[in-house]
>>> print(open('structure37.cif').read())   # mmCIF, C-alpha atoms
data_protein
loop_
_atom_site.label_atom_id
_atom_site.label_comp_id
_atom_site.auth_asym_id
_atom_site.auth_seq_id
_atom_site.Cartn_x
_atom_site.Cartn_y
_atom_site.Cartn_z
CA MET A 109 -5.02 5.83 16.50
CA ASN A 110 -8.07 4.21 14.96
CA GLY A 111 -9.88 7.51 15.22
CA PRO A 112 -12.60 9.31 13.31
CA GLN A 113 -10.07 10.86 10.92
CA ASP A 114 -9.17 7.51 9.35
CA LEU A 115 -11.87 7.59 6.71
CA GLY A 116 -10.60 5.55 3.74
CA GLY A 117 -13.25 3.00 2.74
CA GLN A 118 -15.80 3.95 5.40
CA MET A 119 -19.39 4.09 4.16
CA GLY A 120 -22.56 5.99 4.82
CA PHE A 121 -21.45 9.60 4.44
CA GLY A 122 -23.43 10.17 1.28
CA SER A 123 -22.50 12.00 -1.88
CA VAL A 124 -19.61 14.39 -2.30
CA ALA A 125 -21.76 17.37 -3.31
CA PRO A 126 -19.23 19.65 -4.97
CA GLU A 127 -20.32 23.27 -4.75
CA LYS A 128 -20.23 25.38 -7.90
CA ASP A 129 -18.04 28.49 -7.62
CA GLU A 130 -17.38 27.70 -4.00
CA PRO A 131 -16.10 30.67 -1.97
CA TYR A 132 -12.94 30.15 0.10
CA PHE A 133 -14.88 30.96 3.25
CA HIS A 134 -18.53 30.29 4.04
CA ALA A 135 -18.73 32.61 7.03
CA ALA A 136 -16.67 35.52 8.28
CA TRP A 137 -15.55 33.55 11.35
CA GLU A 138 -13.86 30.97 9.11
CA ARG A 139 -11.40 33.66 8.00
CA ARG A 140 -10.51 34.38 11.62
CA ALA A 141 -10.35 30.64 12.38
CA LEU A 142 -7.75 30.13 9.64
CA GLY A 143 -5.70 33.11 10.80
CA VAL A 144 -5.89 32.34 14.53
CA THR A 145 -4.85 28.74 13.89
CA LEU A 146 -1.83 29.74 11.79
CA CYS A 147 -0.78 32.52 14.18
CA ALA A 148 -1.07 30.22 17.20
CA GLY A 149 0.94 27.54 15.41
CA ALA A 150 3.60 30.14 14.62
CA MET A 151 4.28 30.51 18.37
CA GLY A 152 6.30 27.33 17.91
CA ALA A 153 4.96 25.44 20.93
CA TRP A 154 3.70 22.45 18.94
CA ASN A 155 4.33 20.90 15.53
CA ILE A 156 1.98 19.93 12.71
CA ASP A 157 1.88 16.30 13.87
CA GLU A 158 0.75 17.24 17.36
CA SER A 159 -1.94 19.48 15.90
CA ARG A 160 -3.17 16.73 13.55
CA HIS A 161 -3.33 14.39 16.53
CA ALA A 162 -5.31 16.95 18.54
CA ARG A 163 -7.87 17.09 15.71
CA GLU A 164 -8.22 13.32 15.35
CA SER A 165 -8.56 13.01 19.14
CA LEU A 166 -11.92 14.76 19.09
CA HIS A 167 -14.73 12.40 20.04
CA PRO A 168 -15.94 10.74 16.81
CA ALA A 169 -19.45 12.14 17.21
CA ASP A 170 -17.97 15.61 17.58
CA TYR A 171 -15.53 15.15 14.66
CA TYR A 172 -18.23 13.98 12.26
CA SER A 173 -20.68 16.72 13.17
CA SER A 174 -18.10 19.52 12.85
CA SER A 175 -16.97 21.42 9.78
CA TYR A 176 -13.23 21.41 9.15
CA TYR A 177 -12.67 24.89 10.56
CA GLN A 178 -14.69 23.88 13.63
CA ILE A 179 -12.40 20.86 14.02
CA TRP A 180 -9.41 23.20 13.78
CA ILE A 181 -10.71 25.54 16.47
CA LYS A 182 -11.72 22.76 18.87
CA ALA A 183 -8.28 21.18 18.52
CA LEU A 184 -6.62 24.56 18.85
CA GLU A 185 -8.32 25.14 22.21
CA THR A 186 -6.92 21.81 23.38
CA LEU A 187 -3.40 22.71 22.24
CA LEU A 188 -3.53 26.18 23.79
CA LYS A 189 -4.65 24.72 27.12
CA ARG A 190 -2.10 21.90 26.99
CA HIS A 191 0.75 24.34 26.46
CA GLY A 192 -0.37 26.86 29.06
CA PHE A 193 -1.44 29.72 26.81
CA VAL A 194 -5.16 29.65 27.60
CA SER A 195 -7.10 28.38 30.62
CA GLU A 196 -10.63 27.13 31.10
CA ARG A 197 -11.27 30.33 33.03
CA ASP A 198 -10.16 32.42 30.04
CA LEU A 199 -12.48 30.50 27.74
CA ALA A 200 -15.42 30.71 30.16
CA ALA A 201 -14.92 34.46 30.54
CA GLY A 202 -14.30 35.09 26.83
CA LYS A 203 -11.35 37.28 27.77
CA ALA A 204 -7.88 36.98 29.26
CA VAL A 205 -8.08 36.14 32.96
CA ASP A 206 -5.05 33.97 33.68
CA PRO A 207 -1.42 34.63 32.73
CA ALA A 208 0.08 32.71 29.79
CA THR A 209 3.31 30.87 29.11
CA THR A 210 5.80 32.96 27.15
CA PRO A 211 5.78 31.89 23.50
CA LYS A 212 8.97 31.35 21.50
CA ARG A 213 7.79 34.01 19.07
CA VAL A 214 4.76 36.03 18.03
CA LEU A 215 3.96 36.32 14.33
CA LYS A 216 3.71 39.96 13.36
CA ALA A 217 1.79 41.14 10.31
CA GLU A 218 4.93 42.34 8.53
CA ASN A 219 6.52 38.89 8.82
CA VAL A 220 3.56 36.92 7.46
CA PRO A 221 4.61 36.93 3.77
CA ASP A 222 8.06 35.55 4.62
CA VAL A 223 6.74 32.96 7.03
CA LEU A 224 4.14 31.68 4.56
CA ALA A 225 6.65 31.68 1.69
CA LYS A 226 9.12 29.68 3.78
CA GLY A 227 6.58 27.14 5.04
CA GLY A 228 7.79 24.33 7.27
CA PRO A 229 9.88 21.83 5.33
CA CYS A 230 10.06 18.54 7.19
CA ASP A 231 12.59 16.64 5.11
CA ARG A 232 15.61 15.65 7.19
CA PRO A 233 18.82 13.73 6.56
CA VAL A 234 18.69 10.06 7.53
CA ALA A 235 21.95 8.48 8.65
CA THR A 236 21.21 4.99 7.31
CA PRO A 237 20.73 4.05 3.66
CA ALA A 238 17.20 3.39 2.43
CA ARG A 239 16.19 -0.18 3.22
CA PHE A 240 13.97 -0.57 0.15
CA GLY A 241 14.28 0.40 -3.49
CA PRO A 242 11.90 0.88 -6.42
CA GLY A 243 10.27 -2.39 -7.43
CA ASP A 244 10.67 -4.06 -4.03
CA LEU A 245 7.70 -6.04 -2.79
CA VAL A 246 6.73 -4.93 0.70
CA ARG A 247 4.02 -5.60 3.23
CA THR A 248 2.64 -2.91 5.50
CA LYS A 249 2.56 -3.71 9.17
CA ASN A 250 -0.64 -4.63 10.89
CA PHE A 251 -0.66 -2.51 14.01
CA HIS A 252 -3.13 -0.46 15.96
CA PRO A 253 -1.22 2.16 17.93
CA THR A 254 -3.21 4.26 20.38
CA GLY A 255 -1.15 7.32 19.43
CA HIS A 256 -0.72 9.18 16.16
CA THR A 257 0.10 7.30 12.97
CA ARG A 258 -0.12 8.03 9.26
CA LEU A 259 -0.64 4.46 8.12
CA PRO A 260 -4.36 4.27 7.32
CA ARG A 261 -6.29 1.22 8.50
CA TYR A 262 -7.33 0.21 4.99
CA ALA A 263 -3.66 -0.16 4.05
CA ARG A 264 -2.45 -2.22 7.02
CA GLY A 265 -1.17 -5.75 6.49
CA LYS A 266 -1.29 -5.31 2.70
CA GLN A 267 1.22 -6.23 0.03
CA GLY A 268 2.37 -3.53 -2.36
CA VAL A 269 5.26 -2.42 -4.53
CA VAL A 270 7.69 0.37 -3.76
CA GLU A 271 7.34 2.83 -6.61
CA ALA A 272 9.66 5.55 -5.37
CA VAL A 273 12.06 6.30 -2.56
CA ARG A 274 11.34 9.85 -1.45
CA ASP A 275 13.37 11.76 1.14
CA GLY A 276 13.96 11.35 4.83
CA PHE A 277 11.06 12.93 6.71
CA VAL A 278 10.22 13.66 10.31
CA PHE A 279 8.44 10.60 11.77
CA PRO A 280 4.97 11.78 12.79
CA ASP A 281 4.21 8.85 15.10
CA ASP A 282 6.98 10.10 17.43
CA ASN A 283 6.91 13.80 16.65
CA ALA A 284 3.22 14.14 17.53
CA HIS A 285 4.01 13.06 21.08
CA GLY A 286 7.11 15.11 21.81
CA GLN A 287 9.39 12.11 21.28
CA GLY A 288 11.61 13.82 18.73
CA GLU A 289 11.71 14.04 14.95
CA ASN A 290 13.49 10.69 14.42
CA PRO A 291 13.43 11.00 10.61
CA GLN A 292 12.96 7.94 8.42
CA TRP A 293 12.91 7.27 4.69
CA VAL A 294 9.52 7.69 3.07
CA TYR A 295 8.40 5.50 0.17
CA THR A 296 5.51 5.71 -2.25
CA VAL A 297 3.96 2.23 -2.11
CA VAL A 298 1.36 1.12 -4.66
CA PHE A 299 -1.34 -1.47 -4.01
CA ASP A 300 -3.73 -3.17 -6.40
CA GLY A 301 -7.34 -2.31 -5.71
CA ALA A 302 -8.06 -6.01 -5.17
CA GLU A 303 -5.34 -6.33 -2.50
CA ILE A 304 -7.04 -3.58 -0.50
CA TRP A 305 -10.74 -4.12 -1.20
CA GLY A 306 -10.88 -7.78 -2.23
CA GLU A 307 -14.00 -9.09 -3.88
CA GLY A 308 -15.68 -6.62 -6.19
CA ALA A 309 -12.76 -4.19 -6.30
CA ASP A 310 -12.43 -2.00 -9.39
CA PRO A 311 -9.95 -3.97 -11.58
CA THR A 312 -8.54 -0.73 -13.02
CA LEU A 313 -7.74 0.74 -9.60
CA THR A 314 -4.37 1.15 -7.94
CA ILE A 315 -3.87 3.15 -4.75
CA SER A 316 -0.68 4.54 -3.32
CA ILE A 317 0.25 5.79 0.10
CA ASP A 318 3.42 7.47 1.28
CA ALA A 319 4.82 5.21 3.99
CA TRP A 320 7.58 5.74 6.51
CA GLU A 321 10.14 2.93 6.53
CA SER A 322 9.07 1.46 9.85
CA TYR A 323 5.56 0.91 8.45
CA LEU A 324 7.01 -1.63 5.99
CA GLU A 325 8.55 -5.10 5.99
CA PRO A 326 9.88 -7.10 3.04
CA ALA A 327 7.14 -9.24 1.48
CA MET B 165 -13.74 40.60 0.48
CA SER B 166 -15.62 38.72 -2.18
CA HIS B 167 -18.25 37.31 0.17
CA ASP B 168 -20.40 40.27 1.03
CA HIS B 169 -22.98 38.97 3.45
CA ASP B 170 -21.80 38.56 6.99
CA HIS B 171 -22.75 35.45 8.94
CA ASP B 172 -20.65 36.49 11.90
CA ASN B 173 -23.31 37.77 14.25
CA GLU B 174 -24.21 37.30 17.89
CA LEU B 175 -26.64 34.51 17.04
CA ASP B 176 -23.93 32.20 15.79
CA PRO B 177 -22.32 30.45 18.77
CA PHE B 178 -19.31 29.28 16.80
CA ALA B 179 -18.56 32.77 15.54
CA ALA B 180 -18.66 33.94 19.15
CA ARG B 181 -16.32 31.10 20.17
CA VAL B 182 -13.73 32.04 17.55
CA ARG B 183 -14.02 35.70 18.42
CA ALA B 184 -13.48 34.94 22.10
CA LEU B 185 -10.39 32.89 21.32
CA GLU B 186 -8.95 35.66 19.15
CA THR B 187 -9.71 38.19 21.91
CA ILE B 188 -8.00 36.13 24.61
CA LEU B 189 -4.88 35.53 22.51
CA THR B 190 -4.70 39.17 21.48
CA GLN B 191 -5.10 40.44 25.04
CA LYS B 192 -2.27 38.15 26.13
CA GLY B 193 -0.03 39.43 23.35
CA LEU B 194 0.24 35.95 21.79
CA ILE B 195 -1.11 36.87 18.38
CA ASP B 196 -1.21 40.00 16.24
CA PRO B 197 -4.72 40.43 14.78
CA ALA B 198 -3.21 42.32 11.85
CA ALA B 199 -1.27 39.15 11.00
CA ILE B 200 -4.60 37.34 10.65
CA ASP B 201 -5.72 39.97 8.15
CA VAL B 202 -2.57 39.44 6.07
CA ILE B 203 -2.97 35.64 6.16
CA VAL B 204 -6.60 35.84 5.06
CA ASP B 205 -5.81 38.32 2.31
CA THR B 206 -3.00 36.08 1.05
CA TYR B 207 -5.22 33.04 0.70
CA GLU B 208 -8.26 34.95 -0.50
CA THR B 209 -6.60 37.07 -3.16
CA LYS B 210 -3.02 35.96 -3.88
CA ILE B 211 -2.63 32.19 -3.68
CA GLY B 212 -5.07 30.03 -5.60
CA PRO B 213 -5.52 27.53 -8.44
CA ARG B 214 -4.36 30.13 -10.95
CA ASN B 215 -0.83 29.31 -9.72
CA GLY B 216 -1.22 25.62 -10.50
CA ALA B 217 -2.83 26.39 -13.85
CA LYS B 218 0.27 28.32 -14.88
CA VAL B 219 2.47 25.37 -13.88
CA VAL B 220 0.36 22.98 -15.98
CA ALA B 221 0.22 25.28 -19.01
CA LYS B 222 3.99 25.68 -18.92
CA ALA B 223 4.44 21.92 -18.75
CA TRP B 224 2.18 21.58 -21.82
CA VAL B 225 4.21 23.94 -23.98
CA ASP B 226 7.73 23.38 -22.64
CA PRO B 227 8.96 19.76 -22.70
CA ASP B 228 12.08 20.62 -20.68
CA PHE B 229 9.93 22.14 -17.97
CA ALA B 230 7.65 19.08 -18.05
CA THR B 231 10.66 16.81 -17.55
CA TRP B 232 11.89 18.95 -14.67
CA LEU B 233 8.38 18.97 -13.15
CA LYS B 234 8.30 15.19 -13.30
CA ARG B 235 11.73 14.82 -11.73
CA ASP B 236 11.73 17.62 -9.15
CA ALA B 237 8.35 19.30 -8.88
CA THR B 238 9.32 21.37 -5.84
CA ALA B 239 12.16 23.07 -7.75
CA ALA B 240 10.28 23.39 -11.05
CA ILE B 241 7.24 24.94 -9.36
CA GLY B 242 9.51 27.08 -7.19
CA SER B 243 11.09 28.53 -10.34
CA LEU B 244 7.72 30.16 -11.08
CA GLY B 245 7.67 31.68 -7.61
CA TYR B 246 5.21 29.27 -6.01
CA THR B 247 6.70 28.04 -2.77
CA GLY B 248 5.87 27.83 0.87
CA ARG B 249 3.36 26.50 3.31
CA GLN B 250 1.80 23.18 2.29
CA GLY B 251 3.83 23.13 -0.90
CA GLU B 252 7.25 22.45 0.62
CA HIS B 253 7.50 18.98 -0.95
CA MET B 254 5.70 18.76 -4.28
CA GLN B 255 5.12 15.85 -6.61
CA ALA B 256 3.50 16.23 -10.04
CA VAL B 257 1.60 13.28 -11.50
CA PHE B 258 0.75 13.22 -15.18
CA ASN B 259 -2.45 11.90 -16.69
CA ALA B 260 -1.96 9.78 -19.81
CA ALA B 261 -4.26 8.37 -22.47
CA ASP B 262 -4.71 5.20 -20.39
CA THR B 263 -4.27 6.51 -16.82
CA HIS B 264 -6.18 9.01 -14.71
CA ASN B 265 -4.79 10.31 -11.42
CA LEU B 266 -6.87 11.32 -8.42
CA VAL B 267 -5.59 12.89 -5.19
CA VAL B 268 -7.09 12.55 -1.73
CA CYS B 269 -6.08 12.80 1.89
CA THR B 270 -8.05 10.14 3.75
CA LEU B 271 -6.49 11.02 7.12
CA CYS B 272 -6.96 14.81 7.21
CA SER B 273 -7.02 17.43 4.47
CA CYS B 274 -3.48 17.59 3.02
CA TYR B 275 -3.60 19.72 -0.11
CA PRO B 276 -1.01 21.67 -2.14
CA TRP B 277 -1.82 25.17 -0.89
CA SER B 278 1.05 26.86 -2.78
CA VAL B 279 -0.40 25.90 -6.16
CA LEU B 280 -4.11 25.38 -5.49
CA GLY B 281 -4.82 27.66 -2.52
CA LEU B 282 -7.12 26.58 0.28
CA PRO B 283 -9.00 23.32 -0.30
CA PRO B 284 -12.73 23.29 -1.02
CA VAL B 285 -15.05 22.03 1.71
CA TRP B 286 -15.84 18.78 -0.11
CA TYR B 287 -12.14 17.87 -0.23
CA LYS B 288 -11.97 18.04 3.57
CA ALA B 289 -15.29 16.33 4.25
CA PRO B 290 -15.96 12.63 4.99
CA PRO B 291 -17.83 11.69 1.76
CA TYR B 292 -14.84 12.44 -0.50
CA ARG B 293 -12.18 11.26 1.94
CA SER B 294 -13.96 7.95 2.55
CA ARG B 295 -14.96 7.12 -1.01
CA ALA B 296 -12.13 8.36 -3.25
CA VAL B 297 -10.05 5.29 -2.42
CA ILE B 298 -12.77 2.63 -2.67
CA ASP B 299 -15.15 4.05 -5.29
CA PRO B 300 -13.25 6.59 -7.36
CA ARG B 301 -15.45 6.13 -10.42
CA GLY B 302 -18.57 6.79 -8.37
CA VAL B 303 -16.96 9.92 -6.96
CA LEU B 304 -15.93 11.13 -10.42
CA GLU B 305 -19.50 10.60 -11.68
CA GLU B 306 -20.64 13.08 -9.05
CA PHE B 307 -18.32 15.63 -10.63
CA GLY B 308 -19.86 14.85 -14.02
CA LEU B 309 -16.82 12.89 -15.16
CA THR B 310 -17.34 9.45 -16.68
CA LEU B 311 -14.11 7.75 -17.67
CA PRO B 312 -13.92 4.84 -20.13
CA ALA B 313 -14.16 1.49 -18.31
CA THR B 314 -10.66 0.64 -19.52
CA THR B 315 -8.98 3.77 -18.14
CA LYS B 316 -6.70 2.88 -15.26
CA ILE B 317 -7.31 4.92 -12.14
CA ARG B 318 -4.49 5.73 -9.77
CA VAL B 319 -5.47 7.21 -6.43
CA TRP B 320 -2.76 9.03 -4.46
CA ASP B 321 -3.51 9.13 -0.74
CA SER B 322 -1.44 12.02 0.67
CA THR B 323 -0.48 10.27 3.89
CA ALA B 324 2.90 11.98 4.34
CA GLU B 325 4.25 15.46 3.59
CA LEU B 326 4.35 15.15 -0.21
CA ARG B 327 1.70 17.26 -1.89
CA TYR B 328 0.37 16.15 -5.24
CA LEU B 329 -0.51 18.16 -8.34
CA VAL B 330 -2.25 16.37 -11.19
CA VAL B 331 -1.15 17.47 -14.66
CA PRO B 332 -4.18 16.84 -16.86
CA MET B 333 -3.95 15.98 -20.56
CA ARG B 334 -3.71 18.92 -22.93
CA PRO B 335 -6.97 19.27 -24.85
CA LYS B 336 -6.90 18.65 -28.57
CA GLY B 337 -7.16 21.67 -30.85
CA THR B 338 -4.92 23.86 -28.68
CA GLU B 339 -1.65 23.24 -30.53
CA ASP B 340 -1.02 26.90 -31.38
CA TRP B 341 -2.35 28.33 -28.11
CA SER B 342 -0.26 30.57 -25.85
CA GLU B 343 0.60 29.52 -22.32
CA GLU B 344 -1.68 32.20 -20.95
CA ARG B 345 -4.66 31.05 -22.96
CA LEU B 346 -3.98 27.42 -22.08
CA ALA B 347 -3.93 28.24 -18.36
CA ASP B 348 -7.59 29.26 -18.62
CA LEU B 349 -8.45 25.67 -19.50
CA VAL B 350 -6.88 24.27 -16.34
CA THR B 351 -9.43 24.06 -13.56
CA ARG B 352 -8.77 23.41 -9.89
CA ASP B 353 -10.64 20.10 -10.15
CA ALA B 354 -8.48 19.03 -13.11
CA MET B 355 -5.43 19.45 -10.86
CA ILE B 356 -7.00 17.36 -8.06
CA GLY B 357 -8.15 14.77 -10.59
CA THR B 358 -11.89 15.23 -10.09
CA GLY B 359 -12.08 16.83 -13.52
CA LEU B 360 -10.31 17.16 -16.86
CA ALA B 361 -8.95 20.28 -18.49
CA ARG B 362 -11.67 22.28 -20.21
CA VAL B 363 -12.13 21.63 -23.92
CA PRO B 364 -11.96 24.76 -26.07
CA ALA B 365 -15.39 25.88 -27.25
#
>>> encode(input="structure37.cif", output="structure tokens")
Amino acid sequence: MNGPQDLGGQMGFGSVAPEKDEPYFHAAWERRALGVTLCAGAMGAWNIDESRHARESLHPADYYSSSYYQIWIKALETLLKRHGFVSERDLAAGKAVDPATTPKRVLKAENVPDVLAKGGPCDRPVATPARFGPGDLVRTKNFHPTGHTRLPRYARGKQGVVEAVRDGFVFPDDNAHGQGENPQWVYTVVFDGAEIWGEGADPTLTISIDAWESYLEPA
Amino acid sequence: MSHDHDHDNELDPFAARVRALETILTQKGLIDPAAIDVIVDTYETKIGPRNGAKVVAKAWVDPDFATWLKRDATAAIGSLGYTGRQGEHMQAVFNAADTHNLVVCTLCSCYPWSVLGLPPVWYKAPPYRSRAVIDPRGVLEEFGLTLPATTKIRVWDSTAELRYLVVPMRPKGTEDWSEERLADLVTRDAMIGTGLARVPA
């Protein structure tokens, strides 16, 4: 979706303002927000693509005025309601009022090290051979899906060169919406700065994205 | 905990909102609050940019490891024990005399947690995510880094599940340094590309 998350090339947000010796957390609640989000995800009711889509589906005004952990928590409430774990009445009361769906699993403290060390690999075998190879000229599609996609707007309809064929990976545009993993080949595609930004582009700049095969056509 | 003043009080509505959510999920038996403690402790004390610095230092002193890192970063990094969440599929990109690499995630906040830990706030915020791809030199200036006008800049937008680690150039004058000493020169920002390795004093 052309949502608030798709930030590449937008203007007006000001300077980056790196913070010297930045702490990992700026408030105690951020620690709990990280942990609650990971524990809730570990129930196995949704995947990372659905959770990314829940975050980018916040109203733009809300997204831009929220810190990242606030975005996580707001999206988490949506996911928990969608999957029947938490109700509006629970949230209004600040305690459990309604019964919850049974989760696939509950992450216990003793299992955390193993679960974090294992992560969630999302490479998958793809039955068909890769359509493109290194050096191939490709053009990204120009599309504007209303659902989740990982092709940023600034890189749509642009010509680039395939630099590397990666692995087969779960296709987020489907996986975010419960339509299956449908893995595709992923390619690193490089664009000249001028192809993306046109007049005035930094002549020394190249930009790459990692693109699923269906984002690309031969150029 | 390294951060000793507590902002989590009754006056902060967001703190109350997170606490309520944790309470509801705990009461329903959906989460184990002790698991949250372990997760927080892991990312606050065990997994951080020190991991990535060791990877870079090893690549500087061991050409075979550097070749492996270039070819299969996930396996090479895994051989040092750094695996797991948000580091499942790693790619190392090497700075060269004429090329500087910079990593961003314009669409969310993808970051190689297994080698760099949790991302800093600026990495997740709109100014960096919007400008790194269109004005990388301007962004680098804000980190105090001015590159020669002829240096090529390659920006890697982490749009899929590959996570990028920048291997900065080894500073001059460190030829006889041990891996351990070299690792102290490798900052988090150098491994994102918003900095260079520290120069020995």
>>> residues_around(input="structure37.cif", residues="Gly251 (chain B)", least_positions_apart="4", cutoff="10 Å", atoms="all atoms listed in the file", output="JSON, numbers by chain")
{"A": [225, 226, 227, 228, 229], "B": [237, 238, 241, 242, 246, 247, 255, 274, 275, 276, 277, 278, 279, 280, 281, 325, 326, 327, 328, 329]}
>>> residues_around(input="structure37.cif", residues="region 291-308 of chain A", least_positions_apart="3", cutoff="7 Å", atoms="only C-alpha atoms", output="count of residues only")
29
>>> closest_residue(input="structure37.cif", among="B:Asp226, B:Glu344, B:Asp321, B:Asp236", to="chain A", atoms="all atoms listed in the file")
B:Asp321
>>> interface_residues(input="structure37.cif", of="chain A", to="chain B", cutoff="7 Å", atoms="only C-alpha atoms", output="ChimeraX atom specification")
/A:113-119,121-126,132,135-137,139-141,143-144,147-148,176,198,202-204,208,214-217,220,224-229,258,312-318
>>> resolve_selection(input="structure37.cif", expression="the PyMOL selection byres ((chain A and resi 247) around 8)", output="JSON, numbers by chain")
{"A": [245, 246, 248, 249, 265, 266, 267, 268, 324, 325, 326, 327]}
